[in-house]
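To start, the structure under review is shown below, and the notes come after it.
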Amino acid sequence: MSTKFRNAHWLKTNGFAPQVYLFRNIESGQVIYSQIPHVNNYQIKQQFFRPNWENKKPSKRRDLWRPMAVAEFEDYQRAIQAYHGLVELRYMREVSKRKEAEALRRRNEYQQIWYSGQYRPTWSQEAASDLSAVVDEFQLKTKIYWDTLWRKGDDKRWNEELVEHVEMDQVSPRDKLVVLDEIREEGLRE
Amino acid sequence: MSSSLRNLSKRYGTNLDRFPFFLRKMFDRLSREAQLPALTSDVPELPIEKRFKRPDQWKVEVGDRVLITEGKYKGHVTKVLALHHPTNRIFLELAETKKLVVPKQFWQAGQSTHVIDYPKTVHPSNVKVVGTIVDTAADGTERERDIAADQLVFKGEYWDEDYGKMMPYRRVKFHENVIIPWPRPEPEEDCAFSTAKEAAEERTYVPNCLVRTDAPENIVESLRDPIMKRAYKWDKKYITRSEAKRLSSPEMPISEAKKAMFEEKRKIREAIPSEPSVETIELVGKLVAEKLNAVTDRNFAAYVNSVGPDARQKKKEARESARKVHEEKIREAEERNKIKNRTEGKYKLRKAKKKGSVVF
Amino acid sequence: MFEQQVARFSTSAKCLARSRKGYRISSSIKLRPPIIPTIDNIKVIDDHPLWQFFSHKKFVRNPEEVSFTGRSWTVQELRRKSFDDLHSLWYVCLKERNRLYREAHVYDQAESLRSQEFEGLSAMIRESMVHIKQVITEREAALNNAQAEFEVVGNEYLGEFRNAYLEDQNVETDQWYDKLERLQYAIFGIPDVLDTSLKVDLRFLEGVKFVGQLKYDKFASKIGREDLGGLKDIAEIYTVFEESATAEGVKEACAKIDEYRESNLVIPGSKEIQVVQGFINDKIKQAESDFEETSQQA
């Protein structure tokens, strides 16, 4: 179902809440934005520009993608707005404002993006930062469910008036999708 | 996984023992080459089974006074500072040093230069233990004297409270009444992981029942792998195939034809009589008797009689009787001599009395 | 209700020109630096189970803090310890090793050689744990051996004990009471104080029979109750077993047996275990109710 862009009407009629899902790759640390709680080739194709050895195109292996955060918005329109914003910011970071983004990334002694094994923490940190930027840009009232509040970072980086932070239930990775489903149901109720 | 966990597993860890000796030697050399010179010891480390474990192997303990018998400081008396277990060698207070270049991360407190003098180790065989004995001089004054033991023997042992174990008596060889006592070790403080002595020594279990111990039932099974198929090695009821093979002698790879041949030969060997039959003996006896009875030469006849079956016995008897006669003769001669001596003595006495005492 | 939306994110200039306002981020936006995660956001409860992997809630100890002067527990020392002691010592060791492994791993990751000091202590503790296992295994093996041995010499031993008891003039002494008590527990596993966890088995039954018969044989002629003609079934034997090992006690038991014989009941061999278990449960209940009464009165 997450194989193409879904408009607000489709989301509503198919029982999805006005939410944007952030999945992170536990191997590489890369993040995928999704309108519904699934990851597919569509998102990979849409969100990874100009891959190189540091930022390879990830696979869609389901065991590698873990929910990082779920951002809940007031209505479907705003959710889609935020989704577009996130994807566009990703495009800016990789293409149009690459130099600016590269300057912000942490480097190792050889001036490469800092890594340990395959893992580069900067991707998920940038995703969190982009989310805060989108919220501020469009002035969206948001409730963010974090996988762990650790990733939220400093409170100063978030607009306190707009954003509310919640932690997801701590369950084993096997049951993560159940938690996502519960969040979806809660989002529909509100 | 931390390295000790890795080492515990013989199967998955790198186990150098598996490699042949020359490869092990090569690995050892490579690892020594890769190390900084400061971190290598001049003497190679020994395998654990060759390291000293008992005080009678070390012969010295920390705090002992020793006489150096080899090297630059030959003849000096100094003290043992430490035992270096990996090489079976000792550190002395007065020792030759080598210049070491120490990387900054290993600098000791107060160190200001890369080059330091590092003491060399000494093998315990290159020192002699020094003891003190008390001499009593001729005028009764007591004087203490140092002795260095050429060789040591370890006989008998006693409980040493300070070492907390049985220690052998260190005696001077060929002077075993001279005991050089072990030095007193530095008292060790209890660390955070120590158990109090009282708690360690307290007895809380007395075996007093044949039916159960104080442990829950099946405790031993819980210590073992529940799905292990073979019997637990400590209580096996049967021997394995490999053990049976080891215990029984191997079968020779002999063909059936060869076995048949051996069997046939064995039967033939058994069929051959080991002793002559009665008929054979009689026949041979008859023939020999006929031949001997027909002898006419007297000398040859005498020889034949002398080697006859009863000749040996007759000879023995004759020798015995001759010996008896000889002994009887000796006895009689002795009797005679006694009588003769007595009469001669009497005669001499009488002669002397007649003549009176003669002064020469 | 819904306005027209952009179907797909597109990078072409045309699309960009056509796109509606409110769906695009202005190209003049300044990228924000990555948000660094902080542990300040996480609150860990004081009794979190994973704290057991930390020593005094410290991230890692200094190698100086784990320096040790002791040695591991020897088998000889552990042989003196009860199972409860061994069990708790095992877990003390296990938890300490968990802590040490975690800390050694931290040092390993930092490529520090100091992790060896943690591993040294860990190896020492492991030795204690190996010794604990050995002691437990050894005890069970000893028990099995003793049981096998008792199969061979047990009857002889019990016969000797029986003879000594019957031949002694005065068995109403503390020494004999203790001996009987020890024999009961050592050979038949009958504890002096019964509790609800007690399961009657063949061994137990054997013990009841041995001790009951012994007491009866000793005192029957003394108190002049040979008219009973021996003990008939397990209920009678248990009655004697239950009473104290004195002439007085056996006399009381005989009186009870008289009462019992009036009912003409005979217990078959197959029911013996059940019956004895019933007796014991009744006795425990009785004792409990007595205790409650006395405590209420107090």
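Ordered as shown in the structure tokens, chains take letters A, B, and onward, while each chain numbers its residues from 1 and ligands are numbered from 1 in the order shown.
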
| query | chain A residues within 7 Å of chain C, counting only C-alpha atoms: which ones, as a ChimeraX atom specification? | reply | /A:5,81,84-85,101,104,122,125-126,128-129,149-154

| request: Write down as a VMD selection string the residues belonging to region 53-200 of chain B that are assigned strand (DSSP E) by DSSP computed on the backbone. | output: chain B and resid 65 to 68 77 to 84 89 to 92 97 to 101 115 to 119 127 to 136 142 to 148 152 to 160 165 to 172 175 to 179

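Remark: for Ile183 (chain A), the closest of the candidate residues A:Gly117, A:Pro58, A:Pro51, A:Pro67 is A:Pro67 (distances computed over only C-alpha atoms).
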
| Looking at only C-alpha atoms, which of C:Ser122, C:Glu181, C:Tyr91, C:Ile257 is the one that sits closest to Gly229 (chain C)? |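 Checking each of C:Ser122, C:Glu181, C:Tyr91, C:Ile257 against Gly229 (chain C), counting only C-alpha atoms, the winner is C:Ile257.
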
Select residues of chain B: the criterion is any atom within 9 Å of an atom of chain C, counting only C-alpha atoms; output as an mmCIF file with C-alpha atoms, in the first residue's frame.
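Output file result-v1.cif follows:
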data_model
loop_
_atom_site.group_PDB
_atom_site.id
_atom_site.type_symbol
_atom_site.label_atom_id
_atom_site.label_comp_id
_atom_site.auth_asym_id
_atom_site.auth_seq_id
_atom_site.Cartn_x
_atom_site.Cartn_y
_atom_site.Cartn_z
ATOM 1 C CA MET B 1 32.556 -10.728 23.536
ATOM 2 C CA SER B 2 35.410 -10.052 25.831
ATOM 3 C CA SER B 3 38.557 -11.965 25.143
ATOM 4 C CA SER B 4 38.415 -14.198 28.210
ATOM 5 C CA LEU B 5 35.064 -15.572 27.084
ATOM 6 C CA GLU B 188 47.876 -8.957 52.739
ATOM 7 C CA GLU B 189 44.870 -6.761 53.402
ATOM 8 C CA ASP B 190 41.408 -8.045 52.609
ATOM 9 C CA CYS B 191 40.031 -6.560 49.405
ATOM 10 C CA ALA B 192 36.444 -5.645 48.625
ATOM 11 C CA PHE B 193 35.823 -9.107 47.208
ATOM 12 C CA SER B 194 37.116 -11.056 50.193
ATOM 13 C CA THR B 195 34.962 -13.118 52.493
ATOM 14 C CA ALA B 200 34.399 -18.938 55.118
ATOM 15 C CA GLU B 201 35.193 -21.461 57.803
ATOM 16 C CA GLU B 202 31.696 -21.809 59.211
ATOM 17 C CA ARG B 203 30.221 -25.255 58.665
ATOM 18 C CA THR B 204 26.624 -25.239 57.540
ATOM 19 C CA TYR B 205 26.361 -28.685 56.037
ATOM 20 C CA VAL B 206 26.651 -32.021 57.748
ATOM 21 C CA PRO B 207 25.848 -35.101 55.696
ATOM 22 C CA ASN B 208 23.350 -36.912 57.914
ATOM 23 C CA CYS B 209 20.869 -38.640 55.657
ATOM 24 C CA LEU B 210 20.992 -41.515 53.204
ATOM 25 C CA VAL B 211 17.762 -40.521 51.516
ATOM 26 C CA ARG B 212 18.386 -36.948 50.447
ATOM 27 C CA THR B 213 20.794 -34.054 50.665
ATOM 28 C CA ASP B 214 19.723 -30.503 51.379
ATOM 29 C CA ALA B 215 19.753 -29.756 47.661
ATOM 30 C CA PRO B 216 16.538 -29.954 45.645
ATOM 31 C CA ILE B 219 19.925 -30.851 41.047
ATOM 32 C CA VAL B 220 22.647 -32.655 39.143
ATOM 33 C CA LEU B 223 23.617 -28.736 35.962
ATOM 34 C CA ASP B 235 28.697 -41.714 35.421
#

| request: DSSP on the backbone, then: every residue of region 6-250 of chain C marked helix (DSSP H, G or I), written as a PyMOL selection string. | output: chain C and resi 13-18+39-41+49-53+63-66+75-78+83-109+115-167+174-188+202-219+226-228+234-242+247-250

| request: Take CA of Thr142 (chain A) and CA of Glu160 (chain A) and report the distance between them in Å, one decimal. | output: 10.1 Å

| said: Please compute the CA of Ile44 (chain A)-CA of Glu94 (chain A) distance, one decimal, in Å. | reply: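 Separating CA of Ile44 (chain A) from CA of Glu94 (chain A) is a distance of 13.9 Å.
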